[in-house]
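Q: One structure is given below, represented as structure tokens, and several questions about it will come after.
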Amino acid sequence: MSWAVRSLLEGNTKIFSMLTDVSYLPTLTIDSLSAYFVLLISFGMLTGILYAGGYLKPYRKTMSRLELGIHHLAFIWLHISMLMVTVLRDGTFFLLAWEMMSVSSFILILFEASKKETRLIALNYLIQMHVGFILIMGAMMYVQSLGYAFGFDGLAGYFSKNSVLPLFLVLFAGFGIKAGFVPLHTWLPHAHPAAPSHVSGVMSGVMIKMGIYGLLRVLTYIHAELYVVGLIILGVSTLSGLLGVMNAITQHDIKKLLAYHSIENIGIIGMGIGAGLLGVALNAPALAALAFTGGLLHIFNHSLFKSLLFYGAGSVYQATHTRNVEQLGGLMKSMPKTGMLFLLGSLSICGLPPFNGFISEFLIYMGLFKGLGLDIWYLDLSMLASILGLTLIGGLAVFCFTKVFSITFLGSPRSSKASQAAEVSDDMIFSKILVGVLIVAIGLFPNLFVKWVAEVTALYVPDISPIENALPTLMKVGMAGGLFIVVSLVLLWVRSRQQKQVVVEYGPTWGCGYSGANAAVHQYTATSYANNFTELVGPLVGTTTHYEKIAEEEIFPKARHFETHSYDVFEKTLIDKPAELLLKSTDRHESFQTGKLTHYLIYVFVFLALVFLLTYFQIL
């Protein structure tokens, strides 16, 4: 950790061996990029293990010590493997660490392996991670076959003498699966809800950033075709941001909703990186420095507010035993600490001041607007599309979190589960406060954090002076945020003093003049809240409705049940339909599995005869 801090603050690279006299052990290299991710990983894992101490208490009564021991061991190995991913450059050791990261997270997702759905989700996750692994390994093996080193260092020589785009696309797909870029995201909305909440917070806040790390590490070796590379990243990221937040709005499962917002924020990170590369390619220092720094800072910001939100969702689940927001409501009264901290995370993820999400998005906006003044029409078009996309993403995020917060924490309880909820233990609250302090600190003192991130930006952008020029503006933003908080606290203090002089009466939540109705029926639901939006973007966000219509001749209608479900259009097209075709194909060949030994001997004989004929005629 100390090496990482020194490397980030001093802006230099630390290279050292695990044992100097053993040549076959890997060399560990920490530059500012590695240091940045080492600090992010360490803080994310610290809050995760602190939160797990309280979250796992109920499971200690129902699970064996062996099961819990395996879970904790996998958590430790996930931490170690992610650290190793960021400091290893040799291909063999890097891929071993990458594989260890995938396997340990697979075990963590399998925490409740008694559920069939969890086992299927974990298997789907593992398969997709190995698809990404094969793409990364294949790209490195191809580079090695041309005489370059096996690993990241070999990419420098390859990209300097060969076309960048083909190999970059392979690596982008490999790392993009881990990051969750659309359309490579289909594992993510299932794995996060299936995992326990401390694992969800770590996976979303930290682990998927390893895909971003891999992409950023590859970009350190690319110095040509940057315009095309930047345009690809910008386009895919904008699509990811828009579709991620659109799908989030239609969700009823609070953890699945947050998972889709991870895809959205990966898109925002990619938009900053892509726009920054366009600035480098077109010699636009302000666009390059500001957008790239905003994207890099958003990596850390997202790790904070997303882990806070997943920890909040885990607290709600522990108190109510449901993740369905339609069955919640009124939790602010029974879980005020969790509610306020969830509100803090919600405001931050929406990019609202004075919190950290606003700072990183503000930097990206500054860079995009700087890119408009260069009188390059195709760059202007890209910047306008990005500004429009980022604005739309931000607006839809506000829409989504007004839905999830109001339906979950405000109003009246919609079920007995919500009405019987109680606040979680203080050890689960402490980890969320720890994250919340950093969220507010970055919002109030952005200069301090932006200076650190600028050391990473310097790896990619030759001129980072525009960041220095932006610091006075950021200081004013922080001061305005601090003033807002001070005024709010003063108003709250005045109100509390005034309330002491009156008798406060407590009663049911206002029911529009009628409080005798069923709270579950006469309140907004998540479905009704998002209904108009769902109808507007129907082709992009798939939904199905389960409801039996009332026939004209049905004078006395029977009891009915109304329910909606959403599905991912990309998942249905790219995963479900091909899988169905494969299963149908295998079903046609079931007749070959007769279970008779003589038939299998005939198959072997036919195969050997076919190999002989193909060899004889020199086809093989």
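Residue names in the structure tokens use chain letters A, B, ... in the order shown, residue numbers from 1 in each chain, and ligand numbers from 1 in the order shown.
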Write out as a CSV table (one decimal) with C-alpha atoms, in the first residue's frame the set of residues from range 126-295 of chain A that DSSP, computed on the backbone, places in alpha helix (DSSP H).
A:
chain,number,residue,atom,x,y,z
A,126,LEU,CA,-17.9,-18.4,-15.1
A,127,ILE,CA,-18.5,-19.2,-18.8
A,128,GLN,CA,-18.6,-15.6,-19.8
A,129,MET,CA,-15.4,-14.8,-17.8
A,130,HIS,CA,-13.6,-17.6,-19.6
A,131,VAL,CA,-14.7,-16.2,-23.0
A,132,GLY,CA,-13.0,-13.0,-22.0
A,133,PHE,CA,-10.0,-14.9,-20.7
A,134,ILE,CA,-9.6,-16.7,-24.0
A,135,LEU,CA,-9.8,-13.5,-26.0
A,136,ILE,CA,-7.1,-11.8,-23.8
A,137,MET,CA,-4.9,-14.9,-23.9
A,138,GLY,CA,-5.4,-15.3,-27.7
A,139,ALA,CA,-4.4,-11.7,-28.3
A,140,MET,CA,-1.2,-12.1,-26.2
A,141,MET,CA,-0.3,-15.5,-27.9
A,142,TYR,CA,-0.8,-13.9,-31.3
A,143,VAL,CA,1.6,-11.1,-30.4
A,144,GLN,CA,4.1,-13.7,-29.0
A,145,SER,CA,3.9,-15.7,-32.3
A,152,PHE,CA,1.6,-6.4,-21.9
A,153,ASP,CA,5.2,-5.3,-22.7
A,154,GLY,CA,5.0,-7.2,-26.0
A,155,LEU,CA,2.1,-4.9,-27.0
A,156,ALA,CA,4.4,-1.9,-27.2
A,157,GLY,CA,6.5,-3.4,-30.0
A,158,TYR,CA,3.5,-4.8,-31.8
A,159,PHE,CA,1.4,-1.6,-31.9
A,160,SER,CA,4.4,0.4,-33.1
A,161,LYS,CA,4.8,-1.7,-36.2
A,165,LEU,CA,-7.4,-1.7,-34.6
A,166,PRO,CA,-7.8,-5.5,-35.1
A,167,LEU,CA,-5.9,-6.5,-31.9
A,168,PHE,CA,-7.4,-3.7,-29.9
A,169,LEU,CA,-10.9,-4.9,-30.7
A,170,VAL,CA,-10.1,-8.4,-29.5
A,171,LEU,CA,-8.6,-7.0,-26.2
A,172,PHE,CA,-11.4,-4.5,-25.8
A,173,ALA,CA,-13.9,-7.4,-26.1
A,174,GLY,CA,-11.9,-9.5,-23.6
A,175,PHE,CA,-11.6,-6.8,-21.0
A,176,GLY,CA,-15.1,-5.4,-21.9
A,177,ILE,CA,-16.8,-8.5,-20.7
A,178,LYS,CA,-15.4,-8.1,-17.2
A,179,ALA,CA,-16.2,-4.3,-17.3
A,188,LEU,CA,-23.7,-8.6,-14.7
A,189,PRO,CA,-27.5,-8.0,-14.0
A,190,HIS,CA,-27.8,-11.6,-12.8
A,191,ALA,CA,-24.5,-12.1,-10.8
A,192,HIS,CA,-24.8,-9.0,-8.6
A,193,PRO,CA,-28.3,-9.8,-7.3
A,194,ALA,CA,-27.4,-13.5,-6.7
A,197,SER,CA,-24.6,-7.8,-0.7
A,198,HIS,CA,-21.0,-7.3,0.5
A,199,VAL,CA,-19.8,-9.2,-2.5
A,200,SER,CA,-22.2,-7.3,-4.8
A,201,GLY,CA,-20.7,-4.0,-3.5
A,202,VAL,CA,-17.1,-5.3,-4.1
A,209,LYS,CA,-13.0,-1.9,-12.8
A,210,MET,CA,-10.4,-4.6,-13.5
A,211,GLY,CA,-11.8,-4.6,-17.0
A,212,ILE,CA,-11.3,-0.8,-17.2
A,213,TYR,CA,-7.8,-1.3,-15.8
A,214,GLY,CA,-7.0,-3.8,-18.5
A,215,LEU,CA,-8.3,-1.4,-21.2
A,216,LEU,CA,-6.3,1.5,-19.7
A,217,ARG,CA,-3.2,-0.7,-19.5
A,218,VAL,CA,-3.5,-1.6,-23.2
A,219,LEU,CA,-4.0,2.1,-24.1
A,226,LEU,CA,-6.1,7.1,-31.5
A,227,TYR,CA,-9.0,8.8,-33.2
A,228,VAL,CA,-10.6,5.6,-34.3
A,229,VAL,CA,-9.9,3.9,-31.0
A,230,GLY,CA,-11.3,6.8,-29.1
A,231,LEU,CA,-14.4,7.0,-31.3
A,232,ILE,CA,-15.1,3.2,-30.7
A,233,ILE,CA,-14.8,3.6,-27.0
A,234,LEU,CA,-16.9,6.7,-26.9
A,235,GLY,CA,-19.7,5.1,-29.1
A,236,VAL,CA,-19.8,1.8,-27.1
A,237,SER,CA,-19.7,3.7,-23.8
A,238,THR,CA,-22.5,6.1,-24.7
A,239,LEU,CA,-24.6,3.1,-25.8
A,240,SER,CA,-23.8,1.3,-22.5
A,241,GLY,CA,-24.7,4.4,-20.4
A,242,LEU,CA,-28.0,4.9,-22.1
A,243,LEU,CA,-29.2,1.3,-22.2
A,244,GLY,CA,-27.9,0.7,-18.7
A,245,VAL,CA,-30.0,3.4,-17.1
A,246,MET,CA,-33.0,2.6,-19.4
A,247,ASN,CA,-33.0,-1.0,-18.2
A,248,ALA,CA,-32.5,0.1,-14.6
A,249,ILE,CA,-35.7,2.1,-14.6
A,254,ILE,CA,-33.4,-3.3,-6.1
A,255,LYS,CA,-30.1,-5.1,-6.6
A,256,LYS,CA,-30.8,-5.8,-10.3
A,257,LEU,CA,-31.6,-2.1,-10.7
A,258,LEU,CA,-28.3,-1.2,-9.1
A,259,ALA,CA,-26.5,-3.7,-11.4
A,260,TYR,CA,-27.8,-2.0,-14.5
A,261,HIS,CA,-26.6,1.3,-13.0
A,262,SER,CA,-23.1,-0.2,-12.9
A,263,ILE,CA,-23.4,-0.7,-16.7
A,264,GLU,CA,-24.5,2.9,-17.0
A,265,ASN,CA,-21.5,4.2,-15.0
A,266,ILE,CA,-19.1,2.0,-16.8
A,267,GLY,CA,-20.5,3.9,-19.9
A,268,ILE,CA,-19.8,7.3,-18.2
A,269,ILE,CA,-16.2,6.2,-17.4
A,270,GLY,CA,-15.7,5.0,-21.0
A,271,MET,CA,-17.1,8.3,-22.4
A,272,GLY,CA,-14.5,10.2,-20.5
A,273,ILE,CA,-11.7,7.9,-21.7
A,274,GLY,CA,-12.9,7.9,-25.3
A,275,ALA,CA,-13.4,11.7,-25.4
A,276,GLY,CA,-9.9,12.1,-23.9
A,277,LEU,CA,-8.4,9.9,-26.6
A,278,LEU,CA,-10.1,12.0,-29.3
A,279,GLY,CA,-8.5,15.1,-27.7
A,280,VAL,CA,-5.0,13.5,-27.8
A,281,ALA,CA,-5.5,12.4,-31.4
A,285,PRO,CA,-5.2,19.5,-24.7
A,286,ALA,CA,-8.2,20.8,-22.8
A,287,LEU,CA,-10.5,18.1,-24.1
A,288,ALA,CA,-7.9,15.4,-23.6
A,289,ALA,CA,-6.9,16.3,-20.0
A,290,LEU,CA,-10.3,17.2,-18.6
A,291,ALA,CA,-12.3,14.4,-20.1
A,292,PHE,CA,-9.7,11.8,-19.3
A,293,THR,CA,-9.3,13.0,-15.7
A,294,GLY,CA,-13.1,13.0,-15.3
A,295,GLY,CA,-13.3,9.4,-16.6
Q: How close does each residue of range 289-369 of chain A get to range 384-397 of chain A, giving the shortest atom pair and distance in Å to one decimal for every residue with an atom at most 7 Å away, counting only C-alpha atoms, sorted by chain and residue number, as JSON lines?
A:
{"residue": "A:Cys350", "atom": "CA", "partner": "A:Ala397", "partner_atom": "CA", "distance": 5.4}
{"residue": "A:Gly351", "atom": "CA", "partner": "A:Gly394", "partner_atom": "CA", "distance": 6.8}
{"residue": "A:Tyr365", "atom": "CA", "partner": "A:Ile387", "partner_atom": "CA", "distance": 7.0}
{"residue": "A:Leu368", "atom": "CA", "partner": "A:Ile387", "partner_atom": "CA", "distance": 6.8}
Q: Taking 6 positions as the minimum chain separation for residues in the same chain, which residues sit within 6 Å of range 334-344 of chain A when counting only C-alpha atoms? Answer as a list in words.
A: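 Close residues of range 334-344 of chain A: Leu309, Gly312, Ala422 and Glu423 of chain A.
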Q: Since we have the selection now, will you write its residues out, keeping C-alpha atoms, as a PDB file, in the first residue's frame?
A:
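This is the output file selection_22.pdb:
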ATOM      1  CA  LEU A 309     -25.932   1.673  -2.489  1.00  0.00           C
ATOM      2  CA  GLY A 312     -27.918  -0.118   1.644  1.00  0.00           C
ATOM      3  CA  ALA A 422     -35.998  -2.598  11.929  1.00  0.00           C
ATOM      4  CA  GLU A 423     -32.674  -0.788  11.606  1.00  0.00           C
TER       5      GLU A 423
END
Q: Would you compute the distance between CA of Asn469 in chain A and CA of Tyr221 in chain A? Give it in Å to one decimal.
A: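 Computing it gives 27.8 Å between the two atoms.
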Q: Can you work out the spacing between CA of Phe305 in chain A and CA of Gly357 in chain A in Å, to one decimal?
A: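 It comes out at 8.1 Å.
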Q: Could you check the closest approach to Lys572 in chain A for each of A:Ala313, A:Thr186, A:Thr473, A:Ala526 and tell me which residue wins, using only C-alpha atoms?
A: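 Looking only at the distances to Lys572 in chain A, the closest residue turns out to be A:Thr186.
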Q: Please give the complete set of residues from range 5-244 of chain A that DSSP, run on the backbone, assigns to strand (DSSP E), formatted as a ChimeraX atom specification.
A: /A:14-17,27-30
Q: Go through range 85-132 of chain A residue by residue and, counting only C-alpha atoms, keep those with an atom at most 12 Å from range 45-69 of chain A; for each kept residue give the shortest atom pair and its distance in Å to one decimal, ordered by chain and increasing number, as a tab-separated table.
A:
residue	atom	partner	partner_atom	distance
A:Ile107	CA	A:Glu67	CA	10.5
A:Leu108	CA	A:Leu68	CA	10.3
A:Leu110	CA	A:Glu67	CA	10.4
A:Phe111	CA	A:Glu67	CA	8.0
A:Glu112	CA	A:Met63	CA	9.6
A:Ala113	CA	A:Glu67	CA	10.1
A:Ser114	CA	A:Met63	CA	10.9
Q: Take the selection from the previous step and output its residues with C-alpha atoms, as a PDB file, in the first residue's frame.
A:
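The resulting file, again-v1.pdb, is shown below:
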ATOM      1  CA  ILE A 107     -17.144 -19.049  -5.453  1.00  0.00           C
ATOM      2  CA  LEU A 108     -18.398 -15.861  -3.794  1.00  0.00           C
ATOM      3  CA  LEU A 110     -22.143 -19.377  -5.079  1.00  0.00           C
ATOM      4  CA  PHE A 111     -22.596 -18.382  -1.435  1.00  0.00           C
ATOM      5  CA  GLU A 112     -26.201 -19.626  -1.463  1.00  0.00           C
ATOM      6  CA  ALA A 113     -25.452 -22.608  -3.681  1.00  0.00           C
ATOM      7  CA  SER A 114     -28.499 -24.502  -2.394  1.00  0.00           C
TER       8      SER A 114
END
Q: When you look at Gly436 in chain A with a cut-off of 9 Å (counting only C-alpha atoms), what residues show up, excluding the ones that are within fewer than 3 positions of it in the same chain? I need them as a ChimeraX atom specification.
A: /A:304-305,308,341,344-345,431-433,439-441
Q: So which residues touch Glu326 in chain A within 10 Å, counting only C-alpha atoms, skipping near sequence neighbours fewer than 5 positions away, as a list in words?
A: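 Within the cut-off, the hits are His252, Asp253, Ile254, Val404, Ile407, Thr408, Pro413, Arg414, Ser415, Ala520, Tyr524, Thr525, Ala526 and Thr527 of chain A.
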Q: Okay, now the selection with N, CA and C atoms, as a compact mmCIF listing (two decimals), in the first residue's frame?
A:
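And here's selection.txt as it stands now:
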# COMPACT_ATOMS: atom_id res chain seq x y z
N HIS A 252 -37.73 -4.14 -10.80
CA HIS A 252 -38.38 -4.18 -9.49
C HIS A 252 -37.43 -4.69 -8.41
N ASP A 253 -36.44 -5.48 -8.82
CA ASP A 253 -35.43 -6.01 -7.90
C ASP A 253 -34.41 -4.91 -7.66
N ILE A 254 -34.27 -4.46 -6.39
CA ILE A 254 -33.42 -3.31 -6.10
C ILE A 254 -31.96 -3.57 -6.44
N VAL A 404 -36.82 4.57 -7.05
CA VAL A 404 -36.42 3.51 -6.12
C VAL A 404 -36.39 4.03 -4.68
N ILE A 407 -40.27 4.75 -3.57
CA ILE A 407 -41.05 3.52 -3.42
C ILE A 407 -40.55 2.69 -2.23
N THR A 408 -39.23 2.72 -2.00
CA THR A 408 -38.64 1.90 -0.94
C THR A 408 -38.75 2.54 0.44
N PRO A 413 -45.82 1.28 4.40
CA PRO A 413 -45.40 -0.09 4.07
C PRO A 413 -46.44 -0.78 3.19
N ARG A 414 -45.97 -1.47 2.17
CA ARG A 414 -46.87 -2.16 1.24
C ARG A 414 -47.05 -3.64 1.60
N SER A 415 -46.34 -4.11 2.60
CA SER A 415 -46.44 -5.51 3.00
C SER A 415 -46.06 -5.64 4.47
N ALA A 520 -50.90 -0.86 -0.25
CA ALA A 520 -50.30 -1.46 -1.43
C ALA A 520 -51.07 -1.12 -2.70
N TYR A 524 -48.38 4.86 -5.43
CA TYR A 524 -47.61 4.60 -6.65
C TYR A 524 -46.79 3.32 -6.46
N THR A 525 -46.72 2.50 -7.49
CA THR A 525 -45.83 1.35 -7.50
C THR A 525 -44.67 1.65 -8.44
N ALA A 526 -43.65 0.82 -8.38
CA ALA A 526 -42.52 1.00 -9.29
C ALA A 526 -42.97 0.86 -10.74
N THR A 527 -43.93 -0.04 -10.98
CA THR A 527 -44.43 -0.26 -12.33
C THR A 527 -45.17 0.96 -12.85
Q: Which residue out of A:Leu297, A:Arg89, A:Met101, A:Ala195 has the minimum interatomic distance to Val456 in chain A when only C-alpha atoms are used?
A: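 Between A:Leu297, A:Arg89, A:Met101, A:Ala195, the residue approaching Val456 in chain A most closely is A:Leu297.
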